[in-house]
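Step one of this worksheet: look at the structure below.
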Amino acid sequence: MSGERRIVAAKLLAMSGFLVLLVVTYWLRSEVLGLSRIHFSADEKKIELEQQRNRESFPDRQKQYEVGLKNYDIQLKHYEKMMAVYEQDLDEYAKLTKDQFQPPQLPQRPAPPSAPEVEDKFRAIQTEFVLRRYRYFVVSEYGNGIACLAALSLVSGLLHLLMFDLDSNRLYYFMTLVLSFVFLIGPSFQSIMSAVVGFMHGPNGY
């Protein structure tokens with residue numbers, strides 16, 4: 001094989017390795033985004049359930065508000081009375097403040113139990129999350145092997161071009177090699193994604 005053909009083959013090898021590494025990177029990123037979507041879908045269900053419960057409890061909350069206004073009026077009148085006593089007779093004020101005044105409070109509304117279908121929804125989301133997280137590491141295991149072959153192709157092609165393509169500006173090859181090590185070949189990006197996935201816990205039930 002002539003030198004010119006070897007240069008062309010090295011360029012094709014480096015280009016194919018670069019493209020495969022790029023595909024693997026976005027492949028793994030899509031898995032992480034899928035896990036995040038499943039995780040946040042549980043928060044969406046919680047918000048929907050809270051909105052439903054707020055609509056159902058609106059009459060009771062309205063009653064609590066009205067009782068709160070009445071209690072506020074009682075406390076305000078008590079405050080004005082005690083302020084007048086404080087300004088006129090400190091001894092009498094000291095006797096009156098031994099027993100702290102508390103207006104009657106409205107009983108607390110009990111929280112309804114979670115319906116079986118709601119529990120099943122959250123359990124299905126958690127199951128989907130666990131299975132998707134397992135699939136991520138399976139994909140990462142195979143993707144790592146593919147990325148290894150692609151990285152070897154990219155590096156070997158660029159090194160061949162750096163050493164033997166004397167007619168071109170070899171600075172481009174060197175910069176491509178450096179950027180590939182930083183963003184694609186280096187373990188930082190994949191390690192960060194794997195650490196994020198490893199620390200992610202399944203969505204909690206409601």
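Letters A, B, ... go to the chains of the structure tokens in the order shown; residues in each chain start at 1; ligands are counted from 1 in the same order.
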*Fewer than 6 positions away in the same chain doesn't count, so skip those; otherwise give me all residues within 9 Å of segment 165-167 of chain A, counting only C-alpha atoms, as a list in words.*
Gly3, Glu4 and Ile7 of chain A
*Residues at most 12 Å from Arg5 of chain A, counting only C-alpha atoms, excluding those fewer than 5 positions away in the same chain, as a list in words?*
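Result of the neighbour search: Ala10, Lys11, Leu12, Leu161, Phe164 and Asp165 of chain A.
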*Can you pull out every residue within 7 Å of Leu28 of chain A, counting only C-alpha atoms, but drop anything in the same chain fewer than 4 positions away, and send it as a list in words?*
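Surrounding residues, per the criterion: Val24, Val32 and Ser140 of chain A.
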Output file for the selection above: N, CA, C and O atoms, as a compact mmCIF listing (two decimals), in the first residue's frame:
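Output contents, as saved in selection_25.txt:
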# COMPACT_ATOMS: atom_id res chain seq x y z
N VAL A 24 -21.58 6.47 21.19
CA VAL A 24 -21.62 5.80 22.49
C VAL A 24 -21.86 6.80 23.61
O VAL A 24 -22.63 6.54 24.55
N VAL A 32 -29.17 7.87 30.85
CA VAL A 32 -29.25 8.68 32.08
C VAL A 32 -30.47 9.59 32.04
O VAL A 32 -31.18 9.74 33.05
N SER A 140 -23.67 0.09 29.53
CA SER A 140 -22.34 0.65 29.76
C SER A 140 -21.25 -0.40 29.60
O SER A 140 -20.16 -0.11 29.09
*Any idea what's packed within 12 Å of Gly143 of chain A, counting only C-alpha atoms, ignoring anything in its chain fewer than 5 positions away? Could you give it as a list in words?*
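In the requested format, the answer is Val20, Leu21, Leu22, Val23, Val24, Thr25, Tyr26, Trp27, Leu28, Arg29, Glu31, Arg135, Tyr136, Phe137, Val138, Cys148, Leu149, Ala150, Ala151 and Gln190 of chain A.
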Same residues, C-alpha atoms, output as an mmCIF file, in the first residue's frame:
data_model
loop_
_atom_site.group_PDB
_atom_site.id
_atom_site.type_symbol
_atom_site.label_atom_id
_atom_site.label_comp_id
_atom_site.auth_asym_id
_atom_site.auth_seq_id
_atom_site.Cartn_x
_atom_site.Cartn_y
_atom_site.Cartn_z
ATOM 1 C CA VAL A 20 -18.450 5.740 17.173
ATOM 2 C CA LEU A 21 -17.192 7.338 20.390
ATOM 3 C CA LEU A 22 -19.619 10.209 19.881
ATOM 4 C CA VAL A 23 -22.524 7.799 19.360
ATOM 5 C CA VAL A 24 -21.619 5.796 22.486
ATOM 6 C CA THR A 25 -21.409 8.983 24.552
ATOM 7 C CA TYR A 26 -24.875 10.132 23.520
ATOM 8 C CA TRP A 27 -26.175 6.580 23.885
ATOM 9 C CA LEU A 28 -25.134 6.523 27.535
ATOM 10 C CA ARG A 29 -26.445 10.052 28.031
ATOM 11 C CA GLU A 31 -29.964 6.195 29.278
ATOM 12 C CA ARG A 135 -30.052 -1.827 31.834
ATOM 13 C CA TYR A 136 -27.851 1.264 31.995
ATOM 14 C CA PHE A 137 -24.972 -0.693 33.492
ATOM 15 C CA VAL A 138 -25.491 -3.524 30.979
ATOM 16 C CA CYS A 148 -12.460 0.878 23.569
ATOM 17 C CA LEU A 149 -12.244 -0.350 19.969
ATOM 18 C CA ALA A 150 -13.313 3.054 18.678
ATOM 19 C CA ALA A 151 -10.725 4.789 20.875
ATOM 20 C CA GLN A 190 -18.533 8.168 31.626
#
*Have a look at A:Phe18, A:Phe129, A:Phe181, A:Tyr172 and name the one nearest to Gly34 of chain A; count only C-alpha atoms.*
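That would be A:Phe129, the residue with the smallest distance to Gly34 of chain A.
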*Taking the chain letters and numbering used in this document, name the residues of segment 24-120 of chain A that DSSP puts in helix (DSSP H, G or I), as a PyMOL selection string.*
chain A and resi 24-56+58-88+90-96+116-120
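With only C-alpha atoms as the atoms that count, the residue of A:Leu177, A:Ala94, A:Val130, A:Leu76 with the shortest distance to Leu152 of chain A is A:Leu177.
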*Quick one: distance from atom CA of Val178 of chain A to atom CA of Asn144 of chain A in Å, one decimal?*
19.8 Å
*asked:* Which residue is closest to His160 of chain A? Choose from A:Ala14, A:Val139, A:Arg53, A:Met175 and count only C-alpha atoms.
replied: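 Comparing A:Ala14, A:Val139, A:Arg53, A:Met175 against His160 of chain A, the winner is A:Ala14.
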*For each of A:Tyr134, A:Tyr142, A:Phe174, A:Tyr86, take the minimum atom-to-atom distance to Leu35 of chain A, counting only C-alpha atoms, then give the residue where this is smallest.*
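Among A:Tyr134, A:Tyr142, A:Phe174, A:Tyr86, it is A:Tyr134 that comes nearest to Leu35 of chain A.
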_So the first atom is atom CA of Gln52 of chain A and the second is atom CA of Ser36 of chain A; what is the distance between them in Å, to one decimal place?_
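Spanning atom CA of Gln52 of chain A to atom CA of Ser36 of chain A is a straight-line distance of 24.7 Å.
Minimum atom-to-atom distance to Arg6 of chain A, evaluated using only C-alpha atoms, belongs to A:Gly157 out of A:Tyr173, A:Ser180, A:Gly157, A:Glu87.
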